[in-house]
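Asker: Structure: structure.txt, compact mmCIF, C-alpha atoms.
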```txt
# COMPACT_ATOMS: atom_id res chain seq x y z
CA MET N 288 119.30 114.81 199.55
CA ASP N 289 118.44 111.11 199.78
CA PHE N 290 120.95 108.62 198.44
CA ASP N 291 119.54 105.91 196.15
CA MET N 292 122.32 103.35 196.43
CA ARG N 293 120.62 100.96 194.04
CA ALA N 294 120.41 103.53 191.25
CA PHE N 295 123.94 104.79 191.97
CA ALA N 296 125.47 101.32 191.64
CA ALA N 297 123.58 100.53 188.44
CA ASP N 298 124.45 103.86 186.84
CA LEU N 299 128.11 103.42 187.76
CA CYS N 300 128.14 99.94 186.23
CA ARG N 301 127.02 101.42 182.89
CA PHE N 302 130.44 103.00 182.44
CA ALA N 303 132.92 100.80 180.57
CA SER N 304 135.68 102.10 182.82
CA THR N 305 138.48 99.82 181.68
CA ALA N 306 142.14 100.82 181.89
CA GLY N 307 142.58 104.44 180.85
CA GLU N 308 138.83 104.98 180.44
CA GLU N 309 137.93 105.86 184.04
CA ALA N 310 137.52 109.63 183.72
CA ALA N 311 133.84 109.62 182.76
CA ALA N 312 132.98 107.35 185.69
CA THR N 313 135.00 109.60 187.98
CA ASP N 314 133.09 112.64 186.74
CA PHE N 315 129.83 110.83 187.47
CA VAL N 316 130.88 109.99 191.03
CA GLU N 317 132.15 113.53 191.60
CA GLY N 318 128.78 114.95 190.52
CA ARG N 319 126.84 112.62 192.78
CA LEU N 320 129.11 113.39 195.74
CA ASP N 321 128.66 117.10 195.11
CA ASP N 322 124.88 116.62 195.05
CA LEU N 323 125.06 114.80 198.38
CA GLY N 324 126.98 117.62 200.06
CA PHE N 325 130.50 116.20 200.01
CA GLU N 326 133.46 118.51 199.43
CA THR N 327 135.23 116.91 196.49
CA TYR N 328 138.88 116.64 195.49
CA VAL N 329 139.99 115.28 192.12
CA TRP N 330 143.45 114.09 191.14
CA ASP N 331 145.09 112.51 188.13
CA ALA N 332 147.72 109.80 188.40
CA ASP N 333 151.18 111.36 188.66
CA PRO N 334 153.62 109.69 186.23
CA ASP N 335 156.67 111.31 187.84
CA ARG N 336 155.85 109.93 191.28
CA LEU N 337 154.71 106.55 190.01
CA ALA N 338 157.81 105.99 187.84
CA ASP N 339 159.83 105.68 191.06
CA HIS N 340 157.28 103.39 192.69
CA PRO N 341 158.15 99.66 192.76
CA SER N 342 154.69 98.67 191.50
CA PHE N 343 155.02 100.49 188.18
CA PRO N 344 157.34 100.32 185.16
CA ASP N 345 160.34 102.64 185.23
CA ASP N 346 159.52 104.03 181.78
CA LEU N 347 156.07 105.28 182.78
CA ASP N 348 155.21 108.56 181.07
CA ALA N 349 152.26 110.92 180.77
CA SER N 350 150.64 108.92 177.96
CA ASP N 351 150.48 105.86 180.23
CA VAL N 352 148.34 107.66 182.82
CA THR N 353 146.02 109.74 180.63
CA GLY N 354 142.47 109.45 181.90
CA ARG N 355 143.46 107.79 185.20
CA ARG N 356 141.42 110.25 187.26
CA SER N 357 140.23 109.67 190.83
CA VAL N 358 137.93 111.55 193.19
CA GLY N 359 137.51 111.84 196.95
CA GLY N 360 134.53 113.31 198.74
CA VAL N 361 134.84 114.64 202.29
CA LEU N 362 132.19 114.95 204.99
CA ALA N 363 133.29 117.05 207.95
CA LEU N 364 131.03 116.10 210.85
CA GLY N 365 130.39 117.19 214.42
CA GLY N 366 132.30 120.40 214.36
CA ALA N 367 135.17 119.17 212.20
CA SER N 368 136.53 121.30 209.39
CA ALA N 369 137.17 120.09 205.89
CA ALA N 370 140.81 121.14 206.30
CA ASP N 371 143.37 121.56 209.05
CA ASP N 372 143.14 124.81 210.97
CA GLU N 373 145.88 127.42 210.84
CA THR N 374 147.71 125.93 213.80
CA GLY N 375 147.72 122.50 212.25
CA ASP N 376 146.29 120.99 215.43
CA SER N 377 142.99 119.77 214.05
CA ALA N 378 144.63 116.75 212.43
CA ASN N 379 145.44 115.54 215.94
CA GLU N 380 141.89 116.16 217.21
CA THR N 381 139.83 115.06 214.24
CA PRO N 382 140.02 111.42 213.17
CA THR N 383 139.78 110.90 209.43
CA VAL N 384 138.60 107.60 207.96
CA VAL N 385 138.90 106.88 204.25
CA LEU N 386 136.35 104.58 202.61
CA ASN N 387 137.97 103.47 199.38
CA GLY N 388 136.86 101.64 196.26
CA HIS N 389 138.11 101.42 192.70
CA ILE N 390 135.99 102.24 189.68
CA ASP N 391 138.12 100.62 186.99
CA VAL N 392 137.08 97.22 185.67
CA VAL N 393 138.71 94.49 183.64
CA PRO N 394 137.52 94.06 180.05
CA ALA N 395 134.45 91.93 179.36
CA GLU N 396 134.00 89.56 176.44
CA PRO N 397 130.35 90.07 175.38
CA ALA N 398 130.19 86.61 173.77
CA GLU N 399 130.80 85.03 177.19
CA TRP N 400 127.96 86.96 178.83
CA SER N 401 124.26 86.22 178.77
CA SER N 402 123.54 89.97 178.63
CA ASP N 403 125.31 93.24 177.83
CA PRO N 404 128.14 93.51 180.44
CA PHE N 405 127.61 97.25 180.75
CA GLU N 406 123.83 97.22 180.89
CA PRO N 407 123.04 96.24 184.49
CA GLU N 408 120.39 93.60 185.03
CA TRP N 409 118.41 92.99 188.21
CA ASP N 410 117.09 89.56 189.12
CA ASP N 411 114.37 89.57 191.78
CA ALA N 412 115.17 86.05 192.97
CA GLY N 413 118.78 85.47 192.03
CA ALA N 414 120.42 85.52 195.46
CA ASP N 415 120.70 82.53 197.79
CA ASP N 416 118.38 84.30 200.23
CA GLY N 417 115.82 84.97 197.53
CA GLY N 418 116.66 88.65 197.25
CA GLU N 419 117.76 90.76 194.31
CA THR N 420 121.01 90.38 192.47
CA LEU N 421 122.81 92.86 190.25
CA THR N 422 124.67 91.53 187.20
CA ALA N 423 127.14 93.72 185.30
CA ARG N 424 130.86 94.10 184.81
CA GLY N 425 132.08 95.67 188.05
CA ALA N 426 129.00 94.69 190.07
CA ALA N 427 131.15 92.74 192.55
CA ASP N 428 134.60 94.13 191.74
CA MET N 429 133.87 96.67 192.96
CA LYS N 430 131.34 99.33 192.02
CA SER N 431 128.76 98.04 194.49
CA GLY N 432 131.46 98.41 197.13
CA VAL N 433 131.91 102.05 196.11
CA ALA N 434 128.15 102.52 196.42
CA ALA N 435 128.22 100.95 199.89
CA CYS N 436 130.96 103.39 200.92
CA VAL N 437 128.92 106.39 199.79
CA GLY N 438 125.85 105.04 201.56
CA ALA N 439 127.82 104.36 204.73
CA ALA N 440 129.21 107.90 204.80
CA VAL N 441 125.71 109.36 204.34
CA ASP N 442 124.43 107.13 207.15
CA VAL N 443 127.20 108.28 209.49
CA ARG N 444 126.30 111.89 208.74
CA GLU N 445 122.66 111.17 209.59
CA SER N 446 123.66 109.43 212.83
CA VAL N 447 125.71 112.46 213.86
CA ALA N 448 122.86 114.82 213.01
CA ALA N 449 120.48 112.71 215.09
CA GLY N 450 122.84 112.69 218.05
CA ASP N 451 123.23 108.93 217.89
CA LEU N 452 127.01 108.90 217.56
CA ASP N 453 129.48 110.19 220.15
CA LEU N 454 132.33 111.95 218.39
CA PRO N 455 135.74 113.13 219.58
CA PRO N 456 136.03 116.83 220.53
CA GLY N 457 137.32 117.71 217.07
CA GLY N 458 134.54 115.87 215.27
CA LEU N 459 135.06 113.38 212.47
CA ARG N 460 135.99 113.38 208.80
CA VAL N 461 134.76 110.66 206.48
CA VAL N 462 136.34 110.47 203.03
CA VAL N 463 134.84 108.41 200.21
CA GLU N 464 137.31 107.66 197.43
CA ALA N 465 136.59 106.31 193.96
CA VAL N 466 140.00 105.59 192.49
CA ALA N 467 141.28 104.62 189.05
CA GLY N 468 143.66 101.94 187.91
CA GLU N 469 143.56 99.42 190.77
CA GLU N 470 143.63 96.52 188.33
CA ASP N 471 146.83 97.96 186.81
CA GLY N 472 148.66 98.39 190.10
CA GLY N 473 146.76 101.20 191.78
CA TYR N 474 147.34 104.40 189.82
CA GLY N 475 144.86 106.45 191.82
CA ALA N 476 145.53 105.00 195.27
CA ALA N 477 149.31 105.07 194.88
CA THR N 478 149.19 108.73 193.80
CA ALA N 479 146.94 109.57 196.76
CA ALA N 480 149.24 107.72 199.15
CA LEU N 481 152.39 109.41 197.83
CA SER N 482 150.93 112.89 197.27
CA ASN N 483 148.10 113.47 199.73
CA PRO N 484 145.32 115.21 197.72
CA TYR N 485 143.64 116.52 200.88
CA PRO N 486 144.53 119.38 203.24
CA PHE N 487 144.53 117.00 206.24
CA GLU N 488 146.08 113.72 207.27
CA ARG N 489 144.35 110.34 207.14
CA ASP N 490 144.21 108.09 210.19
CA ALA N 491 142.76 104.86 208.81
CA ALA N 492 141.07 103.36 205.79
CA ILE N 493 138.57 100.69 204.82
CA VAL N 494 138.82 99.31 201.30
CA ALA N 495 135.49 97.76 200.29
CA GLU N 496 136.83 94.94 198.13
CA PRO N 497 134.51 91.92 197.88
CA THR N 498 135.53 90.05 201.05
CA GLU N 499 132.12 88.50 201.83
CA LEU N 500 132.01 90.96 204.75
CA ARG N 501 134.99 89.33 206.40
CA PRO N 502 137.84 91.57 207.62
CA VAL N 503 140.98 91.01 205.54
CA VAL N 504 144.18 92.28 207.15
CA ALA N 505 146.79 90.76 204.81
CA THR N 506 146.97 90.82 201.03
CA GLU N 507 149.33 88.92 198.81
CA GLY N 508 151.79 90.47 196.44
CA SER N 509 152.71 89.25 192.99
CA LEU N 510 155.64 89.13 190.62
CA MET N 511 154.79 89.49 186.94
CA ALA N 512 157.60 88.05 184.84
CA ARG N 513 158.04 87.13 181.18
CA LEU N 514 160.08 84.08 180.14
CA GLU N 515 161.59 83.95 176.65
CA LEU N 516 163.22 80.86 175.16
CA SER N 517 165.01 80.34 171.86
CA GLY N 518 165.62 77.03 170.09
CA ARG N 519 166.33 76.04 166.47
CA SER N 520 163.68 75.44 163.85
CA ALA N 521 163.62 72.46 161.52
CA HIS N 522 161.14 70.72 159.26
CA ALA N 523 158.77 68.53 161.21
CA ALA N 524 159.79 65.55 159.07
CA THR N 525 163.34 65.88 160.42
CA ARG N 526 162.56 67.26 163.83
CA TRP N 527 165.74 65.76 165.32
CA ARG N 528 167.66 68.49 163.50
CA GLY N 529 165.90 71.18 165.48
CA GLU N 530 165.95 72.28 169.09
CA ASP N 531 162.40 72.28 170.40
CA VAL N 532 161.60 74.95 172.99
CA LEU N 533 158.51 73.16 174.34
CA PRO N 534 160.28 70.45 176.40
CA ARG N 535 162.52 73.17 177.84
CA PHE N 536 159.49 75.23 178.78
CA GLU N 537 157.84 72.22 180.36
CA ALA N 538 160.94 71.60 182.45
CA ILE N 539 161.04 75.22 183.60
CA ARG N 540 157.33 75.33 184.37
CA GLY N 541 157.63 72.06 186.27
CA ALA N 542 160.50 73.48 188.31
CA PHE N 543 158.47 76.58 189.09
CA MET N 544 155.50 74.49 190.21
CA ASP N 545 157.80 72.44 192.46
CA LEU N 546 159.02 75.69 193.96
CA GLU N 547 155.41 76.76 194.49
CA THR N 548 154.87 73.62 196.56
CA GLU N 549 158.08 74.12 198.51
CA ARG N 550 157.24 77.74 199.25
CA GLY N 551 153.75 76.76 200.40
CA GLU N 552 155.36 74.56 203.03
CA ALA N 553 158.29 76.81 203.96
CA VAL N 554 156.75 80.31 203.90
CA ASP N 555 154.37 79.90 206.81
CA HIS N 556 151.71 82.51 207.60
CA PRO N 557 148.84 81.82 210.02
CA LEU N 558 146.31 83.83 208.01
CA TYR N 559 146.90 81.68 204.92
CA ALA N 560 146.58 78.21 206.45
CA GLU N 561 143.08 77.84 204.97
CA PHE N 562 144.29 78.13 201.36
CA PRO N 563 145.33 74.96 199.54
CA VAL N 564 147.90 76.99 197.58
CA PRO N 565 148.90 80.07 199.59
CA TRP N 566 151.39 81.55 197.10
CA PRO N 567 150.08 80.52 193.66
CA VAL N 568 152.16 80.38 190.50
CA VAL N 569 150.26 80.66 187.22
CA CYS N 570 151.55 80.73 183.67
CA GLY N 571 148.81 82.83 182.12
CA THR N 572 149.98 83.09 178.53
CA VAL N 573 152.19 80.98 176.25
CA GLU N 574 153.08 81.72 172.63
CA ALA N 575 155.36 79.32 170.77
CA GLY N 576 156.36 78.40 167.26
CA SER N 577 155.38 79.77 163.89
CA TRP N 578 153.96 76.84 161.86
CA ALA N 579 152.48 73.41 162.54
CA SER N 580 155.09 71.68 160.39
CA THR N 581 158.08 73.43 161.95
CA VAL N 582 159.92 72.64 165.17
CA PRO N 583 159.08 75.57 167.49
CA ALA N 584 162.15 77.72 167.99
CA THR N 585 160.72 80.58 170.02
CA LEU N 586 158.54 80.77 173.09
CA THR N 587 157.24 83.57 175.29
CA ALA N 588 155.39 82.81 178.53
CA GLU N 589 154.07 85.18 181.16
CA PHE N 590 153.93 84.21 184.83
CA ARG N 591 152.12 85.59 187.85
CA ILE N 592 153.93 84.48 191.01
CA GLY N 593 152.52 84.98 194.51
CA VAL N 594 154.44 87.00 197.10
CA ALA N 595 153.65 86.46 200.77
CA PRO N 596 153.08 89.33 203.21
CA GLY N 597 156.48 90.07 204.71
CA GLU N 598 158.33 89.06 201.55
CA THR N 599 159.47 91.44 198.84
CA VAL N 600 159.04 91.04 195.12
CA ASP N 601 162.84 91.17 194.81
CA GLU N 602 163.28 88.21 197.18
CA VAL N 603 160.75 86.08 195.36
CA GLU N 604 162.17 86.98 191.97
CA ALA N 605 165.63 85.90 193.17
CA ALA N 606 164.26 82.52 194.31
CA PHE N 607 162.67 81.83 190.92
CA ARG N 608 165.75 83.01 189.05
CA GLU N 609 167.81 80.56 191.07
CA ARG N 610 165.43 77.72 190.23
CA LEU N 611 165.56 78.71 186.54
CA ALA N 612 169.36 78.65 186.70
CA ASP N 613 169.20 75.07 188.01
CA VAL N 614 167.19 73.99 184.96
CA VAL N 615 169.54 75.83 182.61
CA ALA N 616 172.55 74.16 184.19
CA GLU N 617 171.11 70.72 183.33
CA ASP N 618 170.49 71.48 179.65
CA PRO N 619 173.46 72.02 177.27
CA TRP N 620 171.33 73.96 174.77
CA LEU N 621 169.99 76.32 177.44
CA ARG N 622 173.50 76.84 178.78
CA GLU N 623 174.53 78.04 175.33
CA HIS N 624 171.26 79.93 174.75
CA PRO N 625 170.19 81.17 178.18
CA PRO N 626 166.54 82.21 178.52
CA SER N 627 165.50 85.65 179.65
CA PHE N 628 163.24 86.11 182.66
CA GLU N 629 162.25 89.76 183.13
CA ARG N 630 159.56 91.69 184.91
CA PHE N 631 156.78 93.25 182.91
CA SER N 632 153.64 95.25 183.68
CA VAL N 633 153.03 96.06 187.35
CA GLN N 634 154.29 94.42 190.53
CA PHE N 635 152.39 94.07 193.79
CA GLU N 636 154.08 94.02 197.17
CA GLY N 637 152.37 92.10 199.94
CA SER N 638 150.78 94.03 202.77
CA GLU N 639 149.59 93.41 206.32
CA VAL N 640 148.29 95.26 209.37
CA ALA N 641 148.02 93.95 212.91
CA VAL N 642 144.70 92.47 213.99
CA ASP N 643 144.66 94.81 217.00
CA GLU N 644 144.85 97.99 214.91
CA PRO N 645 141.94 100.25 215.93
CA ILE N 646 140.46 100.21 212.41
CA VAL N 647 140.47 96.39 212.40
CA GLU N 648 138.84 96.25 215.82
CA ALA N 649 136.33 98.87 214.68
CA ALA N 650 135.51 96.83 211.57
CA ARG N 651 134.84 93.76 213.67
CA ALA N 652 132.73 95.70 216.16
CA GLY N 653 130.85 97.30 213.26
CA LEU N 654 129.88 93.87 211.97
CA VAL N 655 128.43 93.05 215.38
CA ASP N 656 126.57 96.38 215.53
CA ALA N 657 125.08 95.59 212.12
CA GLY N 658 123.84 92.23 213.38
CA LEU N 659 126.32 90.27 211.27
CA PRO N 660 128.80 87.50 212.06
CA ASN N 661 132.18 88.57 213.41
CA PRO N 662 134.68 86.20 211.77
CA GLU N 663 138.36 86.18 212.57
CA PRO N 664 140.44 88.44 210.31
CA THR N 665 142.01 86.61 207.42
CA GLY N 666 144.37 87.04 204.48
CA ALA N 667 143.67 87.19 200.75
CA THR N 668 145.65 85.64 197.89
CA TYR N 669 145.11 88.73 195.75
CA GLY N 670 146.58 92.22 195.91
CA ALA N 671 144.64 95.38 196.66
CA ASP N 672 145.04 99.13 196.97
CA SER N 673 145.26 98.72 200.75
CA ARG N 674 149.00 98.13 200.36
CA HIS N 675 149.57 101.70 199.17
CA TYR N 676 147.91 103.19 202.24
CA VAL N 677 149.63 100.79 204.63
CA ALA N 678 152.97 101.73 203.06
CA ALA N 679 152.10 105.40 203.68
CA GLY N 680 151.49 104.69 207.37
CA ILE N 681 147.67 104.56 207.13
CA PRO N 682 146.34 101.37 208.77
CA THR N 683 143.88 99.77 206.35
CA VAL N 684 141.49 96.83 206.44
CA LEU N 685 139.54 95.27 203.59
CA LEU N 686 135.83 94.84 204.26
CA GLY N 687 133.17 94.79 201.60
CA PRO N 688 130.20 92.98 200.05
CA GLY N 689 130.40 90.30 197.41
CA THR N 690 132.83 87.49 196.71
CA ILE N 691 136.11 87.52 194.86
CA THR N 692 134.96 84.43 192.97
CA GLU N 693 132.68 86.72 190.91
CA ALA N 694 135.49 89.16 190.07
CA HIS N 695 136.62 89.15 186.42
CA TYR N 696 134.03 86.45 185.61
CA PRO N 697 131.35 86.47 182.90
CA ASP N 698 127.90 87.40 184.26
CA GLU N 699 129.56 89.02 187.29
CA THR N 700 126.89 89.16 189.99
CA ILE N 701 126.40 90.43 193.54
CA ALA N 702 123.57 89.80 195.99
CA TRP N 703 122.05 93.19 196.70
CA GLY N 704 121.12 92.29 200.24
CA GLU N 705 124.81 91.86 200.99
CA VAL N 706 125.52 95.35 199.63
CA GLU N 707 122.93 96.74 202.02
CA ARG N 708 124.50 94.79 204.88
CA GLY N 709 127.93 96.01 203.81
CA ARG N 710 126.72 99.60 203.91
CA ALA N 711 125.46 99.10 207.46
CA ALA N 712 128.64 97.35 208.60
CA ILE N 713 130.97 99.99 207.14
CA ALA N 714 128.92 102.82 208.66
CA ALA N 715 129.01 101.08 212.04
CA ALA N 716 132.77 100.52 211.70
CA VAL N 717 133.33 104.25 211.11
CA GLY N 718 131.26 105.03 214.19
CA GLN N 719 133.21 102.50 216.24
CA PHE N 720 136.51 104.01 215.07
CA ALA N 721 135.38 107.51 216.02
CA GLU N 722 134.29 106.36 219.47
CA ARG N 723 137.57 104.52 220.03
CA TYR N 724 139.48 107.59 218.92
CA GLY N 725 137.47 109.74 221.30
CA ASP N 726 138.07 107.36 224.18
CA SER N 727 141.83 107.32 223.52
CA SER N 728 141.91 111.13 223.31
CA ALA N 729 140.04 111.44 226.59
CA ALA N 730 142.47 109.03 228.24
CA LYS N 731 145.34 111.29 227.29
```
Is it possible to express this structure as structure tokens?

Answerer:
Amino acid sequence: MDFDMRAFAADLCRFASTAGEEAAATDFVEGRLDDLGFETYVWDADPDRLADHPSFPDDLDASDVTGRRSVGGVLALGGASAADDETGDSANETPTVVLNGHIDVVPAEPAEWSSDPFEPEWDDAGADDGGETLTARGAADMKSGVAACVGAAVDVRESVAAGDLDLPPGGLRVVVEAVAGEEDGGYGAATAALSNPYPFERDAAIVAEPTELRPVVATEGSLMARLELSGRSAHAATRWRGEDVLPRFEAIRGAFMDLETERGEAVDHPLYAEFPVPWPVVCGTVEAGSWASTVPATLTAEFRIGVAPGETVDEVEAAFRERLADVVAEDPWLREHPPSFERFSVQFEGSEVAVDEPIVEAARAGLVDAGLPNPEPTGATYGADSRHYVAAGIPTVLLGPGTITEAHYPDETIAWGEVERGRAAIAAAVGQFAERYGDSSAAK
């Protein structure tokens, strides 16, 4: 059966697969993978396993993960089986590459869009190269990447059938995953990493996040923390009788921004030298006060704080708590009414793989095979599901079409020519990994 990647991506973008609403999109992908001859495996996020995971809240229960369904499709090629044999030896003979993408999207505000966010629109001359563009929520982040993974797997199967790809003696498995909940910490990927849904082991993975077809080997972590301050209200006409929380917040935020600068100079990482702010600190929400004519006595602010690869969320949290304590020590009111600074939502650990990992070298060689530039591997200031697989011992590289600057934006757009090039590069990377695996097996 032919794979119409263009139609697949557009149809997938029609699903409003926001947090907890991924199941219908998963069912769609499962059906298409079945039609294309993949053997499919479906799993729901496991609240018991995730409650013990550092990325997720400790009080996670079944209601938090309802509808967080993911699917993987397996192609067993060149004599490989879809599962390990009875001796368990096939896992050692058959390399398995996972091509991963998430199908959840962040919410869209229709008033900010020039068209319906979930009704894909094609523009015949919207790309820089004059080609087509696709506009929809999830077009760049990252349903087109999922489509490129499916197309790449189909292309690898065709190359094997045509005898154009040399495989190891045990053949090759290619797994395409469409996972739920990446934006919320990686419900689907974390469950798959902790509780392997397949009857075989996984040797490497490519996550098709929008990297502009540049290999990304390091992703940043993040601490999500909520600051709460209390003051004393008073009538605005006699404001000196109150204790205003806003100057205290400004002092704390200023101290945090100073620490951001200090950490940017002290926490050195060669893959992040190109970023003006390698470990960003952002106060994303602030709520204060209750009435315009009253001194504000309460404030809640939510921070997202960058965590470098090699650091832990705990270490970074301790550094910001120490800086907060310095501000408190200088303010008599805060000493008597100490603020709270607690984690909320999900936490992301940083992640990194070596640039000489076979899957990274295969990704770079695949770009060359596809006639594309071969840039040096880099880091990203965002988190991704790759960290879950790396933590499980599965070397993983990010490589996909599109740019992160379109992610979460109104009128989210991707150049379709880049999706086609991404499909070719990912397929070539899988072939390069299989050939490298075969060469290493022969050397043994």

Asker: Residues at most 9 Å from stretch 611-613 of chain N, counting all atoms listed in the file, excluding those fewer than 6 positions away in the same chain, as a ChimeraX atom specification?

Answerer: /N:539,542-543,625-626,628

Asker: If we count all atoms listed in the file and set the cut-off at 12 Å, which residues sit around N:Thr420, ignoring sequence neighbours fewer than 4 positions away in its own chain? Please answer as a ChimeraX atom specification.

Answerer: /N:293,296-297,407-416,426-427,431,689,698-707

Asker: Which residues are near stretch 555-562 of chain N? Cut-off 6 Å, all atoms listed in the file, ignore same chain within fewer than 2 positions. Put them as number ranges by chain.

Answerer: N: 553, 564-565, 665-666

Asker: The residues within 12 Å of (160.1, 82.2, 202.6), using only C-alpha atoms and the coordinates of the file, should be reported as a list in words; which are they?

Answerer: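 Every polymer residue passing the test: Leu546, Glu547, Thr548, Glu549, Arg550, Gly551, Glu552, Ala553, Val554, Asp555, His556, Pro565, Trp566, Gly593, Val594, Ala595, Pro596, Gly597, Glu598, Thr599, Val600, Glu602, Val603, Glu604, Ala605, Ala606 and Phe607 of chain N.
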
Asker: Would you mind reading off the distance between atom CA of N:Ser627 and atom CA of N:Gly508, one decimal, in Å?

Answerer: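 Spanning atom CA of N:Ser627 to atom CA of N:Gly508 is a straight-line distance of 22.2 Å.
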
Asker: Can you tell me, as a list of chain:residue names, which residues sit within 6 Å of (132.1, 86.6, 180.6) in the file's frame, using all atoms listed in the file?

Answerer: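 Counting all atoms listed in the file, I find these residues within 6 Å of (132.1, 86.6, 180.6): N:Ala395, N:Glu396, N:Glu399, N:Trp400, N:Tyr696, N:Pro697, N:Asp698.
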
Asker: Please save C-alpha atoms of the selected residues as an mmCIF file, in the coordinates of the input.

Answerer:
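Final output, saved to selection00.cif:
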```
data_model
loop_
_atom_site.group_PDB
_atom_site.id
_atom_site.type_symbol
_atom_site.label_atom_id
_atom_site.label_comp_id
_atom_site.auth_asym_id
_atom_site.auth_seq_id
_atom_site.Cartn_x
_atom_site.Cartn_y
_atom_site.Cartn_z
ATOM 1 C CA ALA N 395 134.450 91.930 179.360
ATOM 2 C CA GLU N 396 134.000 89.560 176.440
ATOM 3 C CA GLU N 399 130.800 85.030 177.190
ATOM 4 C CA TRP N 400 127.960 86.960 178.830
ATOM 5 C CA TYR N 696 134.030 86.450 185.610
ATOM 6 C CA PRO N 697 131.350 86.470 182.900
ATOM 7 C CA ASP N 698 127.900 87.400 184.260
#
```

Asker: I'd like to know which of N:Ala306, N:Leu586, N:Val462, N:Ala467 is closest to N:Asp531, using only C-alpha atoms.

Answerer: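 That would be N:Leu586, the residue with the smallest distance to N:Asp531.
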
Asker: Please provide as a PyMOL selection string all residues within 6 Å of stretch 715-721 of chain N, with the sequence filter that same-chain residues fewer than 3 positions apart are discarded (counting all atoms listed in the file).

Answerer: chain N and resi 454+649-650+653+712+724

Asker: Any chance you could work out the axis-aligned box around stretch 418-426 of chain N, listed atoms only, 8 Å on each side, giving centre and edge lengths in Å to one decimal, as lines of an AutoDock Vina configuration file?

Answerer:
```
center_x = 124.4
center_y = 92.2
center_z = 191.0
size_x = 31.4
size_y = 23.0
size_z = 28.4
```

Asker: N:Val443, N:Ala435, N:Ala477, N:Leu362: which is nearest N:Arg336, counting all atoms listed in the file?

Answerer: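 Looking only at the distances to N:Arg336, the closest residue turns out to be N:Ala477.
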
Asker: Ranking N:Asp351, N:Glu589, N:Asp442, N:Glu470 by minimum distance to N:Ala338 and counting all atoms listed in the file, which one comes first?

Answerer: N:Asp351

Asker: Find the distance between atom CA of N:Leu533 and atom CA of N:Arg610 and write it in Å to one decimal.

Answerer: 17.9 Å

Asker: Enter the distance from atom CA of N:Ala588 to atom CA of N:Arg513, in Å, rounded to one decimal.

Answerer: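 Interatomic distance here is 5.7 Å.
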
Asker: Can you pull out every residue within 8 Å of stretch 577-583 of chain N, counting all atoms listed in the file, but drop anything in the same chain fewer than 4 positions away, and send it as a list in words?

Answerer: Gly518, Arg519, Ser520, Ala521, His522, Ala523, Ala524, Arg526, Gly529, Glu530, Asp531, Val532 and Leu533 of chain N

Asker: With distances taken over only C-alpha atoms, which residue among N:Cys436, N:Leu364, N:Val384, N:Val358 lies nearest N:Ile646?

Answerer: N:Val384
